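Student: The following file, data.cif, comprises mmCIF, C-alpha atoms:
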data_model
#
loop_
_atom_site.group_PDB
_atom_site.id
_atom_site.type_symbol
_atom_site.label_atom_id
_atom_site.label_comp_id
_atom_site.auth_asym_id
_atom_site.auth_seq_id
_atom_site.Cartn_x
_atom_site.Cartn_y
_atom_site.Cartn_z
ATOM 1 C CA MET A 1 0.000 0.000 0.000
ATOM 2 C CA LYS A 2 1.225 3.488 -0.861
ATOM 3 C CA TYR A 3 1.301 6.158 1.885
ATOM 4 C CA ILE A 4 0.909 9.851 1.095
ATOM 5 C CA ILE A 5 1.601 12.233 3.956
ATOM 6 C CA GLN A 6 1.105 15.906 3.275
ATOM 7 C CA LYS A 7 1.596 18.792 5.697
ATOM 8 C CA ILE A 8 -0.819 21.677 5.076
ATOM 9 C CA THR A 9 -0.738 25.267 6.322
ATOM 10 C CA ASP A 10 -4.473 26.039 6.123
ATOM 11 C CA GLY A 11 -7.797 24.214 5.916
ATOM 12 C CA GLU A 12 -9.044 21.391 8.090
ATOM 13 C CA ASP A 13 -6.941 18.348 8.929
ATOM 14 C CA GLU A 14 -8.211 15.346 7.020
ATOM 15 C CA LEU A 15 -7.434 11.678 6.665
ATOM 16 C CA ILE A 16 -8.534 9.992 3.420
ATOM 17 C CA LEU A 17 -8.326 6.232 2.942
ATOM 18 C CA ARG A 18 -8.664 4.847 -0.623
ATOM 19 C CA TYR A 19 -8.815 1.100 -0.863
ATOM 20 C CA ARG A 20 -9.900 -1.630 -3.263
ATOM 21 C CA SER A 21 -10.319 -4.461 -0.769
ATOM 22 C CA VAL A 22 -10.093 -4.752 3.012
ATOM 23 C CA THR A 23 -6.643 -6.121 3.765
ATOM 24 C CA GLU A 24 -5.290 -6.451 7.300
ATOM 25 C CA GLU A 25 -3.497 -3.130 6.920
ATOM 26 C CA VAL A 26 -6.635 -1.396 5.581
ATOM 27 C CA ASP A 27 -8.737 -2.954 8.309
ATOM 28 C CA GLN A 28 -6.440 -1.488 10.985
ATOM 29 C CA ALA A 29 -6.656 1.963 9.371
ATOM 30 C CA LEU A 30 -10.441 1.641 9.067
ATOM 31 C CA ARG A 31 -10.797 0.741 12.705
ATOM 32 C CA PHE A 32 -8.645 3.707 13.682
ATOM 33 C CA MET A 33 -10.679 6.072 11.496
ATOM 34 C CA SER A 34 -14.062 4.788 12.615
ATOM 35 C CA ARG A 35 -13.362 5.188 16.325
ATOM 36 C CA PRO A 36 -15.548 7.933 17.789
ATOM 37 C CA GLN A 37 -13.742 11.252 17.791
ATOM 38 C CA LYS A 38 -14.647 13.048 20.942
ATOM 39 C CA LYS A 39 -14.038 16.731 21.017
ATOM 40 C CA LEU A 40 -14.529 19.638 23.367
ATOM 41 C CA LEU A 41 -14.949 23.339 22.706
ATOM 42 C CA GLY A 42 -12.229 25.397 24.382
ATOM 43 C CA ILE A 43 -11.816 29.151 24.566
ATOM 44 C CA LYS A 44 -8.493 30.959 24.352
ATOM 45 C CA ASP A 45 -8.109 34.720 23.790
ATOM 46 C CA ASP A 46 -11.861 34.929 22.954
ATOM 47 C CA GLN A 47 -11.381 32.394 20.142
ATOM 48 C CA LYS A 48 -13.173 29.079 20.195
ATOM 49 C CA THR A 49 -11.093 26.002 19.415
ATOM 50 C CA VAL A 50 -12.113 22.372 19.017
ATOM 51 C CA ILE A 51 -9.975 20.190 21.294
ATOM 52 C CA ASP A 52 -9.607 16.455 20.744
ATOM 53 C CA PHE A 53 -10.107 14.566 24.041
ATOM 54 C CA GLN A 54 -6.910 12.654 23.496
ATOM 55 C CA SER A 55 -4.835 15.838 23.291
ATOM 56 C CA ILE A 56 -5.936 16.899 26.788
ATOM 57 C CA LEU A 57 -3.337 16.249 29.488
ATOM 58 C CA TYR A 58 -5.455 17.365 32.410
ATOM 59 C CA ALA A 59 -8.327 19.611 33.430
ATOM 60 C CA GLU A 60 -8.270 21.914 36.417
ATOM 61 C CA SER A 61 -10.730 24.077 38.272
ATOM 62 C CA VAL A 62 -9.357 27.432 39.439
ATOM 63 C CA ASP A 63 -11.559 29.906 41.322
ATOM 64 C CA GLY A 64 -14.726 28.303 39.971
ATOM 65 C CA ARG A 65 -13.522 28.309 36.342
ATOM 66 C CA SER A 66 -12.439 25.190 34.465
ATOM 67 C CA PHE A 67 -9.418 24.927 32.224
ATOM 68 C CA VAL A 68 -8.058 22.123 30.063
ATOM 69 C CA TYR A 69 -4.348 21.786 29.447
ATOM 70 C CA THR A 70 -2.855 20.335 26.268
ATOM 71 C CA GLN A 71 0.860 19.939 25.486
ATOM 72 C CA GLU A 72 1.115 23.529 24.210
ATOM 73 C CA ASP A 73 -1.994 25.417 25.335
ATOM 74 C CA VAL A 74 -4.438 26.155 28.101
ATOM 75 C CA PHE A 75 -8.116 26.585 27.196
ATOM 76 C CA GLY A 76 -11.033 27.755 29.269
ATOM 77 C CA VAL A 77 -14.131 25.554 29.026
ATOM 78 C CA GLU A 78 -17.762 26.230 29.836
ATOM 79 C CA TYR A 79 -18.222 23.193 32.061
ATOM 80 C CA THR A 80 -17.729 22.589 35.742
ATOM 81 C CA LEU A 81 -15.136 19.991 36.701
ATOM 82 C CA SER A 82 -17.913 17.541 37.624
ATOM 83 C CA GLN A 83 -19.493 17.987 34.192
ATOM 84 C CA LEU A 84 -16.091 17.496 32.553
ATOM 85 C CA GLU A 85 -15.622 14.361 34.631
ATOM 86 C CA GLN A 86 -18.925 13.039 33.200
ATOM 87 C CA ILE A 87 -18.032 14.021 29.624
ATOM 88 C CA LEU A 88 -14.576 12.468 29.848
ATOM 89 C CA SER A 89 -15.691 9.425 31.854
ATOM 90 C CA ASP A 90 -15.516 6.871 29.013
ATOM 91 C CA VAL A 91 -12.029 8.021 28.005
ATOM 92 C CA ASN A 92 -9.083 7.339 30.336
ATOM 93 C CA PHE A 93 -9.532 10.353 32.558
ATOM 94 C CA PHE A 94 -9.370 10.174 36.312
ATOM 95 C CA ARG A 95 -10.377 12.590 39.072
ATOM 96 C CA CYS A 96 -7.190 12.849 41.121
ATOM 97 C CA SER A 97 -8.090 15.642 43.551
ATOM 98 C CA LYS A 98 -10.948 18.021 44.265
ATOM 99 C CA SER A 99 -9.785 20.344 41.486
ATOM 100 C CA VAL A 100 -7.964 18.199 38.901
ATOM 101 C CA ILE A 101 -8.809 15.452 36.364
ATOM 102 C CA ILE A 102 -5.907 13.780 34.548
ATOM 103 C CA ASN A 103 -5.631 11.818 31.322
ATOM 104 C CA ILE A 104 -3.986 8.543 32.401
ATOM 105 C CA ASP A 105 -2.745 7.940 28.839
ATOM 106 C CA LYS A 106 -0.658 11.110 29.138
ATOM 107 C CA VAL A 107 1.061 10.169 32.400
ATOM 108 C CA SER A 108 4.695 9.344 31.785
ATOM 109 C CA LYS A 109 5.838 8.472 35.314
ATOM 110 C CA LEU A 110 4.431 7.858 38.781
ATOM 111 C CA LYS A 111 6.117 8.374 42.104
ATOM 112 C CA SER A 112 4.910 7.191 45.464
ATOM 113 C CA LEU A 113 4.808 9.977 48.057
ATOM 114 C CA ALA A 114 4.369 10.100 51.819
ATOM 115 C CA SER A 115 0.871 9.677 53.285
ATOM 116 C CA ASN A 116 -0.227 7.440 50.378
ATOM 117 C CA ARG A 117 -0.189 10.261 47.816
ATOM 118 C CA ILE A 118 1.073 9.809 44.253
ATOM 119 C CA ASP A 119 3.034 12.248 42.111
ATOM 120 C CA ALA A 120 2.072 11.863 38.442
ATOM 121 C CA THR A 121 4.521 13.321 35.922
ATOM 122 C CA MET A 122 2.640 14.220 32.746
ATOM 123 C CA CYS A 123 4.279 13.884 29.327
ATOM 124 C CA SER A 124 4.686 17.691 29.367
ATOM 125 C CA GLY A 125 6.857 17.360 32.478
ATOM 126 C CA GLU A 126 4.250 18.883 34.787
ATOM 127 C CA HIS A 127 3.653 17.245 38.148
ATOM 128 C CA ILE A 128 0.126 16.504 39.368
ATOM 129 C CA ILE A 129 -0.440 15.202 42.875
ATOM 130 C CA ILE A 130 -3.028 12.458 43.283
ATOM 131 C CA SER A 131 -4.404 13.048 46.750
ATOM 132 C CA ARG A 132 -4.708 10.364 49.425
ATOM 133 C CA THR A 133 -8.501 10.276 49.012
ATOM 134 C CA TYR A 134 -8.236 9.333 45.318
ATOM 135 C CA ALA A 135 -4.946 7.349 45.352
ATOM 136 C CA SER A 136 -6.538 4.032 46.256
ATOM 137 C CA ALA A 137 -9.140 4.320 43.443
ATOM 138 C CA PHE A 138 -6.333 5.281 41.054
ATOM 139 C CA ARG A 139 -4.340 2.165 41.956
ATOM 140 C CA LYS A 140 -7.473 0.041 41.352
ATOM 141 C CA ARG A 141 -8.099 1.756 38.001
ATOM 142 C CA LEU A 142 -4.544 0.983 36.863
ATOM 143 C CA LYS A 143 -4.988 -2.659 37.823
ATOM 144 C CA GLY A 144 -8.284 -2.745 35.926
ATOM 145 C CA VAL A 145 -10.286 -3.383 39.104
ATOM 146 C CA SER A 146 -13.602 -1.542 39.375
ATOM 147 C CA ASP A 147 -13.905 0.865 42.319
ATOM 148 C CA SER A 148 -16.738 -1.089 43.954
ATOM 149 C CA GLU A 149 -14.668 -4.303 44.186
ATOM 150 C CA MET B 1 -22.874 12.107 58.823
ATOM 151 C CA ASN B 2 -21.602 15.357 57.375
ATOM 152 C CA LYS B 3 -18.821 14.763 54.784
ATOM 153 C CA LYS B 4 -16.654 17.459 56.372
ATOM 154 C CA ILE B 5 -16.837 15.753 59.778
ATOM 155 C CA LEU B 6 -16.029 12.406 58.171
ATOM 156 C CA ASP B 7 -12.999 13.990 56.458
ATOM 157 C CA ILE B 8 -11.777 15.380 59.790
ATOM 158 C CA ILE B 9 -12.238 11.983 61.509
ATOM 159 C CA GLU B 10 -10.427 10.242 58.623
ATOM 160 C CA LYS B 11 -7.527 12.709 58.799
ATOM 161 C CA TYR B 12 -7.289 12.321 62.579
ATOM 162 C CA LEU B 13 -7.365 8.500 62.410
ATOM 163 C CA THR B 14 -4.736 8.425 59.627
ATOM 164 C CA ARG B 15 -2.456 10.613 61.732
ATOM 165 C CA LYS B 16 -3.173 8.647 64.915
ATOM 166 C CA ILE B 17 -2.403 5.305 63.238
ATOM 167 C CA GLY B 18 0.802 6.779 61.779
ATOM 168 C CA VAL B 19 1.894 7.979 65.233
ATOM 169 C CA GLU B 20 1.084 4.608 66.804
ATOM 170 C CA ILE B 21 3.072 2.684 64.171
ATOM 171 C CA LYS B 22 6.058 4.971 64.774
ATOM 172 C CA CYS B 23 5.582 4.607 68.528
ATOM 173 C CA CYS B 24 5.636 0.773 68.272
ATOM 174 C CA LEU B 25 8.751 0.890 66.116
ATOM 175 C CA MET B 26 10.636 3.249 68.435
ATOM 176 C CA PHE B 27 9.560 1.320 71.553
ATOM 177 C CA PHE B 28 10.718 -1.937 69.922
ATOM 178 C CA MET B 29 14.133 -0.424 69.084
ATOM 179 C CA VAL B 30 14.633 1.108 72.554
ATOM 180 C CA LEU B 31 13.507 -2.141 74.208
ATOM 181 C CA CYS B 32 16.015 -4.128 72.089
ATOM 182 C CA PHE B 33 18.900 -1.962 73.301
ATOM 183 C CA TYR B 34 17.624 -2.001 76.885
ATOM 184 C CA SER B 35 17.216 -5.805 76.856
ATOM 185 C CA GLY B 36 20.683 -6.254 75.346
ATOM 186 C CA TYR B 37 22.153 -4.002 78.037
ATOM 187 C CA ARG B 38 20.348 -5.929 80.808
ATOM 188 C CA LEU B 39 21.609 -9.244 79.441
ATOM 189 C CA ILE B 40 25.203 -7.979 79.151
ATOM 190 C CA CYS B 41 24.945 -6.828 82.788
ATOM 191 C CA GLY B 42 23.941 -10.383 83.694
ATOM 192 C CA SER B 43 20.306 -9.595 84.503
ATOM 193 C CA MET B 44 17.432 -11.625 83.082
ATOM 194 C CA GLU B 45 14.833 -9.094 84.241
ATOM 195 C CA ALA B 46 13.405 -5.938 82.672
ATOM 196 C CA GLY B 47 11.498 -3.232 84.553
ATOM 197 C CA ILE B 48 7.804 -2.876 83.717
ATOM 198 C CA ILE B 49 7.953 0.783 84.781
ATOM 199 C CA HIS B 50 10.921 1.303 82.440
ATOM 200 C CA MET B 51 8.923 -0.163 79.556
ATOM 201 C CA LEU B 52 5.925 2.019 80.389
ATOM 202 C CA GLU B 53 8.216 5.086 80.366
ATOM 203 C CA MET B 54 9.573 4.039 76.955
ATOM 204 C CA VAL B 55 6.083 3.618 75.470
ATOM 205 C CA VAL B 56 4.796 6.931 76.848
ATOM 206 C CA LEU B 57 7.910 8.782 75.645
ATOM 207 C CA ALA B 58 7.729 7.186 72.165
ATOM 208 C CA TYR B 59 4.012 8.075 71.955
ATOM 209 C CA LEU B 60 4.553 11.673 73.088
ATOM 210 C CA LEU B 61 7.489 12.225 70.733
ATOM 211 C CA GLY B 62 5.467 10.682 67.896
ATOM 212 C CA TRP B 63 2.625 13.153 68.479
ATOM 213 C CA ILE B 64 4.986 16.129 68.871
ATOM 214 C CA GLN B 65 6.656 15.147 65.598
ATOM 215 C CA ALA B 66 3.249 14.840 63.893
ATOM 216 C CA LEU B 67 1.951 18.128 65.327
ATOM 217 C CA ILE B 68 4.985 20.180 64.314
ATOM 218 C CA GLY B 69 4.563 18.636 60.846
ATOM 219 C CA SER B 70 7.993 17.067 60.792
ATOM 220 C CA ASP B 71 7.624 13.877 58.759
ATOM 221 C CA PHE B 72 11.393 13.464 58.494
ATOM 222 C CA ASP B 73 10.974 9.739 57.789
ATOM 223 C CA GLU B 74 8.748 10.409 54.793
ATOM 224 C CA VAL B 75 10.863 12.971 52.936
ATOM 225 C CA ASP B 76 13.057 12.200 49.923
ATOM 226 C CA ARG B 77 16.154 13.899 51.283
ATOM 227 C CA LEU B 78 17.008 14.934 54.807
ATOM 228 C CA CYS B 79 17.290 18.720 55.084
ATOM 229 C CA ALA B 80 18.659 20.687 58.053
ATOM 230 C CA LYS B 81 15.244 20.641 59.802
ATOM 231 C CA ASP B 82 15.008 16.840 59.449
ATOM 232 C CA TRP B 83 18.535 16.356 60.804
ATOM 233 C CA ALA B 84 17.552 18.564 63.750
ATOM 234 C CA VAL B 85 14.558 16.266 64.426
ATOM 235 C CA VAL B 86 16.837 13.180 64.269
ATOM 236 C CA LEU B 87 19.404 14.692 66.643
ATOM 237 C CA ILE B 88 16.918 16.276 69.061
ATOM 238 C CA GLY B 89 14.843 13.056 69.146
ATOM 239 C CA SER B 90 17.932 10.963 69.891
ATOM 240 C CA LEU B 91 18.996 13.468 72.529
ATOM 241 C CA ILE B 92 15.581 13.309 74.248
ATOM 242 C CA TYR B 93 15.696 9.474 74.348
ATOM 243 C CA THR B 94 19.244 9.632 75.737
ATOM 244 C CA ALA B 95 18.215 12.212 78.366
ATOM 245 C CA ALA B 96 15.230 10.005 79.306
ATOM 246 C CA SER B 97 17.531 6.989 79.691
ATOM 247 C CA LEU B 98 19.594 9.006 82.185
ATOM 248 C CA LEU B 99 16.562 10.512 83.938
ATOM 249 C CA PHE B 100 14.686 7.217 84.352
ATOM 250 C CA GLY B 101 17.815 5.109 84.881
ATOM 251 C CA TRP B 102 17.189 2.696 81.988
ATOM 252 C CA LEU B 103 20.935 2.148 81.629
ATOM 253 C CA ASP B 104 21.862 2.714 85.297
ATOM 254 C CA GLY B 105 23.653 5.941 84.275
ATOM 255 C CA ASN B 106 26.431 3.898 82.636
ATOM 256 C CA PRO B 107 28.349 6.494 80.519
ATOM 257 C CA THR B 108 29.563 4.027 77.831
ATOM 258 C CA ALA B 109 26.102 2.487 77.433
ATOM 259 C CA THR B 110 24.543 5.988 77.324
ATOM 260 C CA VAL B 111 26.887 7.189 74.546
ATOM 261 C CA LEU B 112 26.281 3.944 72.618
ATOM 262 C CA PHE B 113 22.532 4.394 73.139
ATOM 263 C CA ALA B 114 22.667 7.951 71.697
ATOM 264 C CA VAL B 115 24.495 6.687 68.580
ATOM 265 C CA TYR B 116 22.076 3.741 68.358
ATOM 266 C CA MET B 117 19.082 6.105 68.412
ATOM 267 C CA VAL B 118 20.543 8.282 65.620
ATOM 268 C CA ILE B 119 21.076 5.099 63.555
ATOM 269 C CA THR B 120 17.515 3.967 64.380
ATOM 270 C CA TYR B 121 16.050 7.255 63.107
ATOM 271 C CA LEU B 122 18.150 7.039 59.936
ATOM 272 C CA CYS B 123 17.128 3.416 59.369
ATOM 273 C CA ILE B 124 13.439 4.354 59.662
ATOM 274 C CA PHE B 125 14.012 7.092 57.079
ATOM 275 C CA LEU B 126 15.781 4.587 54.749
ATOM 276 C CA ILE B 127 13.081 1.911 55.204
ATOM 277 C CA HIS B 128 10.364 4.396 54.206
ATOM 278 C CA LYS B 129 12.443 5.559 51.243
ATOM 279 C CA ILE B 130 13.002 1.991 50.008
ATOM 280 C CA LYS B 131 9.309 1.171 50.544
ATOM 281 C CA ARG B 132 8.281 4.169 48.416
ATOM 282 C CA ALA B 133 10.812 3.244 45.695
ATOM 283 C CA ILE B 134 9.384 -0.312 45.491
ATOM 284 C CA ASP B 135 5.835 1.066 45.429
ATOM 285 C CA ALA B 136 6.765 3.522 42.629
ATOM 286 C CA LYS B 137 8.217 0.650 40.595
ATOM 287 C CA LEU B 138 4.979 -1.360 40.968
ATOM 288 C CA LEU B 139 2.878 1.710 40.139
ATOM 289 C CA ASN B 140 4.875 2.381 36.953
ATOM 290 C CA ASN B 141 4.510 -1.272 35.935
ATOM 291 C CA ASP B 142 0.736 -1.017 36.412
ATOM 292 C CA LEU B 143 0.691 2.254 34.459
ATOM 293 C CA MET B 144 2.625 0.667 31.581
ATOM 294 C CA GLN B 145 0.252 -2.322 31.509
ATOM 295 C CA PHE B 146 -2.785 -0.014 31.652
ATOM 296 C CA GLN B 147 -1.563 2.125 28.742
ATOM 297 C CA LYS B 148 -0.610 -1.013 26.757
ATOM 298 C CA ARG B 149 -4.062 -2.551 27.362
ATOM 299 C CA ASN B 150 -5.806 0.606 26.174
ATOM 300 C CA LYS B 151 -3.652 0.926 23.071
ATOM 301 C CA GLU B 152 -4.622 -2.627 22.103
ATOM 302 C CA ILE B 153 -8.328 -1.690 22.426
#
Translate this file's structure into structure tokens.
Tutor:
Amino acid sequence: MKYIIQKITDGEDELILRYRSVTEEVDQALRFMSRPQKKLLGIKDDQKTVIDFQSILYAESVDGRSFVYTQEDVFGVEYTLSQLEQILSDVNFFRCSKSVIINIDKVSKLKSLASNRIDATMCSGEHIIISRTYASAFRKRLKGVSDSE
Amino acid sequence: MNKKILDIIEKYLTRKIGVEIKCCLMFFMVLCFYSGYRLICGSMEAGIIHMLEMVVLAYLLGWIQALIGSDFDEVDRLCAKDWAVVLIGSLIYTAASLLFGWLDGNPTATVLFAVYMVITYLCIFLIHKIKRAIDAKLLNNDLMQFQKRNKEI
């Protein structure tokens, strides 16, 4: 199969798959393309931007306002942290303190801290503390055990 | 019950259990030295009052340490404040051994006891550090497995 990768400077990002029959390679690409793309509307400098769930590192609530952090940017969002928690619940997000939700897929390293807290280093290098209250549920989530077990 | 009250009770119990674990550990270490000293002196007996003094002192020091917020045994690196806690703690145990006559005022045993207590504090710090390092390794393994599982899906 021939691959064409083209970097564009304007217009919308698009992924086009042209195929004659479904080979294993095509099937993999099809599955990737047909996965639901979940997006969120973020606001930065009065401009609205569509943010892909998977590009979010973590979400934080500061003084009653919610923000989502990606590798490069910070966006304000019109949801409370609890609403964001609901929206992001079927992706790998986890409430790690009263004011922060993290994307577990974007955690690069974990460190055990005193008093059963956990320091999560995000792939951006930022450190998020998982508080004692949520640490036990986080450990269960990593092991694939449901919280009620 | 109100969530705030439950939080306060949980915090208090966590701290209390922490203090009691430390108290048991310190009492065990002091009792080991005391018993060794008694045996070397040719005695097969230990004073119940002495043991009670050790427990009460370990419990009080544990609470003081918790209340002044000095978790020296749970830090990554010992700073000046943590060293001060180690030295002052050892000094208090040594002073108590003289005051309550745990070591019959024997100067050699007292000096050895002071050094032993400093080593005990440092060992507790190292044990906690090693425990956290092992836990971090397990956590990172779980994280890797979790991310691998989700990539496969």
Student: Using all atoms listed in the file, find each residue in chain A having at least one atom no more than 12 Å away from chain B; report its shortest atom-to-atom pair and that distance in Å (one decimal), rows by chain then rising number, as a tab-separated table.
Tutor:
residue	atom	partner	partner_atom	distance
A:Gln28	CA	B:Glu152	CA	11.3
A:Arg31	CA	B:Ile153	CA	10.3
A:Phe32	CA	B:Ile153	CA	10.3
A:Arg35	CA	B:Ile153	CA	10.5
A:Asp90	CA	B:Asn150	CA	11.9
A:Val91	CA	B:Asn150	CA	9.9
A:Asn92	CA	B:Asn150	CA	8.6
A:Asn103	CA	B:Gln147	CA	10.8
A:Ile104	CA	B:Gln147	CA	7.8
A:Asp105	CA	B:Gln147	CA	5.9
A:Lys106	CA	B:Gln147	CA	9.0
A:Val107	CA	B:Leu143	CA	8.2
A:Ser108	CA	B:Leu143	CA	8.6
A:Lys109	CA	B:Asn140	CA	6.4
A:Leu110	CA	B:Asn140	CA	5.8
A:Lys111	CA	B:Ala136	CA	4.9
A:Ser112	CA	B:Ala136	CA	5.0
A:Leu113	CA	B:Arg132	CA	6.8
A:Ala114	CA	B:Glu74	CA	5.3
A:Ser115	CA	B:Glu74	CA	8.1
A:Asn116	CA	B:Arg132	CA	9.3
A:Arg117	CA	B:Arg132	CA	10.5
A:Ile118	CA	B:Ala136	CA	8.6
A:Asp119	CA	B:Ala136	CA	9.5
A:Ala120	CA	B:Asn140	CA	10.0
A:Thr121	CA	B:Asn140	CA	11.0
A:Arg132	CA	B:Lys11	CA	10.1
A:Thr133	CA	B:Asp7	CA	9.5
A:Ala135	CA	B:Leu139	CA	11.0
A:Ser136	CA	B:Leu139	CA	11.5
A:Phe138	CA	B:Leu139	CA	9.9
A:Arg139	CA	B:Leu139	CA	7.5
A:Lys140	CA	B:Asp142	CA	9.6
A:Arg141	CA	B:Phe146	CA	8.5
A:Leu142	CA	B:Phe146	CA	5.6
A:Lys143	CA	B:Asp142	CA	6.1
A:Gly144	CA	B:Phe146	CA	7.5
A:Val145	CA	B:Phe146	CA	11.1
Student: So that all listed atoms of region 94-106 of chain A fit with 5 Å spare on each side, what axis-aligned box centre and edge lengths in Å, to one decimal, would you give as lines of an AutoDock Vina configuration file?
Tutor:
center_x = -5.8
center_y = 14.1
center_z = 36.6
size_x = 20.3
size_y = 22.4
size_z = 25.4
Student: Residues at most 12 Å from region 77-89 of chain A, counting only C-alpha atoms, excluding those fewer than 3 positions away in the same chain, as a ChimeraX atom specification?
Tutor: /A:38-44,46-54,56-69,74,92-104
Student: Pick out the residues sitting within 10 Å of Phe100 (chain B), and hand them over as a PDB file with C-alpha atoms, in the frame of the given file; count all atoms listed in the file, and ignore anything fewer than 6 positions along from it in its own chain.
Tutor:
ATOM      1  CA  ILE B  49       7.953   0.783  84.781  1.00  0.00           C
ATOM      2  CA  HIS B  50      10.921   1.303  82.440  1.00  0.00           C
ATOM      3  CA  GLU B  53       8.216   5.086  80.366  1.00  0.00           C
ATOM      4  CA  MET B  54       9.573   4.039  76.955  1.00  0.00           C
TER       5      MET B  54
END
Student: Mind checking which residues fall within 12 Å of Gly47 (chain B), counting all atoms listed in the file, ignoring those fewer than 3 positions away in the same chain, and posting them as a compact mmCIF listing (two decimals) with C-alpha atoms, in the frame of the given file?
Tutor:
# COMPACT_ATOMS: atom_id res chain seq x y z
CA LEU B 31 13.51 -2.14 74.21
CA TYR B 34 17.62 -2.00 76.89
CA SER B 35 17.22 -5.80 76.86
CA ARG B 38 20.35 -5.93 80.81
CA SER B 43 20.31 -9.60 84.50
CA MET B 44 17.43 -11.62 83.08
CA HIS B 50 10.92 1.30 82.44
CA MET B 51 8.92 -0.16 79.56
CA LEU B 52 5.92 2.02 80.39
CA GLU B 53 8.22 5.09 80.37
CA MET B 54 9.57 4.04 76.96
CA PHE B 100 14.69 7.22 84.35
CA GLY B 101 17.82 5.11 84.88
CA TRP B 102 17.19 2.70 81.99
CA LEU B 103 20.94 2.15 81.63
CA ASP B 104 21.86 2.71 85.30
Student: Decode the PyMOL selection byres ((chain B and resi 55) around 12) for the given file into explicit residues and return them as a PyMOL selection string.
Tutor: chain B and resi 19-31+48-54+56-62+93+96
Student: Rounded to one decimal, what separation in Å do you get between CA of Phe113 (chain B) and CA of Thr94 (chain B)?
Tutor: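 For CA of Phe113 (chain B) relative to CA of Thr94 (chain B), the distance reads 6.7 Å.
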Student: Find the distance between CA of Gly36 (chain B) and CA of Cys123 (chain B) and write it in Å to one decimal.
Tutor: 19.0 Å
Student: Just the number, please: distance in Å from CA of Trp83 (chain B) to CA of Phe125 (chain B), one decimal.
Tutor: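 Between these atoms lies a distance of 11.0 Å.
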Student: Could you name the residues that touch Val86 (chain B) at 9 Å or less, counting all atoms listed in the file, but leaving out those on the same chain fewer than 2 positions away, as a list in words?
Tutor: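 Near Val86 (chain B), the qualifying residues are Phe72, Lys81, Asp82, Trp83, Ala84, Ile88, Gly89, Ser90, Leu91, Met117, Val118, Tyr121 and Leu122 of chain B.
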Student: Provide region 69-83 of chain B rebuilt to N, CA and C atoms, formatted as a CSV table (one decimal), in the coordinates of the input.
Tutor:
chain,number,residue,atom,x,y,z
B,69,GLY,N,4.5,18.9,62.3
B,69,GLY,CA,4.6,18.6,60.8
B,69,GLY,C,5.9,18.2,60.3
B,70,SER,N,6.7,17.5,61.2
B,70,SER,CA,8.0,17.1,60.8
B,70,SER,C,8.0,15.6,60.5
B,71,ASP,N,7.6,15.3,59.2
B,71,ASP,CA,7.6,13.9,58.8
B,71,ASP,C,9.0,13.5,58.2
B,72,PHE,N,10.0,13.6,59.0
B,72,PHE,CA,11.4,13.5,58.5
B,72,PHE,C,11.6,12.1,57.8
B,73,ASP,N,10.8,11.1,58.3
B,73,ASP,CA,11.0,9.7,57.8
B,73,ASP,C,10.2,9.5,56.5
B,74,GLU,N,9.5,10.6,56.0
B,74,GLU,CA,8.7,10.4,54.8
B,74,GLU,C,9.2,11.4,53.7
B,75,VAL,N,10.3,12.0,54.0
B,75,VAL,CA,10.9,13.0,52.9
B,75,VAL,C,11.8,12.2,52.0
B,76,ASP,N,12.1,12.8,50.9
B,76,ASP,CA,13.1,12.2,49.9
B,76,ASP,C,14.5,12.4,50.3
B,77,ARG,N,14.8,13.6,50.8
B,77,ARG,CA,16.2,13.9,51.3
B,77,ARG,C,16.1,14.6,52.6
B,78,LEU,N,17.0,14.3,53.5
B,78,LEU,CA,17.0,14.9,54.8
B,78,LEU,C,17.6,16.3,54.7
B,79,CYS,N,16.8,17.3,55.1
B,79,CYS,CA,17.3,18.7,55.1
B,79,CYS,C,17.7,19.1,56.5
B,80,ALA,N,18.2,20.3,56.7
B,80,ALA,CA,18.7,20.7,58.1
B,80,ALA,C,17.6,20.5,59.1
B,81,LYS,N,16.3,20.8,58.8
B,81,LYS,CA,15.2,20.6,59.8
B,81,LYS,C,15.1,19.2,60.2
B,82,ASP,N,15.2,18.3,59.2
B,82,ASP,CA,15.0,16.8,59.4
B,82,ASP,C,16.2,16.3,60.3
B,83,TRP,N,17.4,16.8,60.0
B,83,TRP,CA,18.5,16.4,60.8
B,83,TRP,C,18.3,16.8,62.3
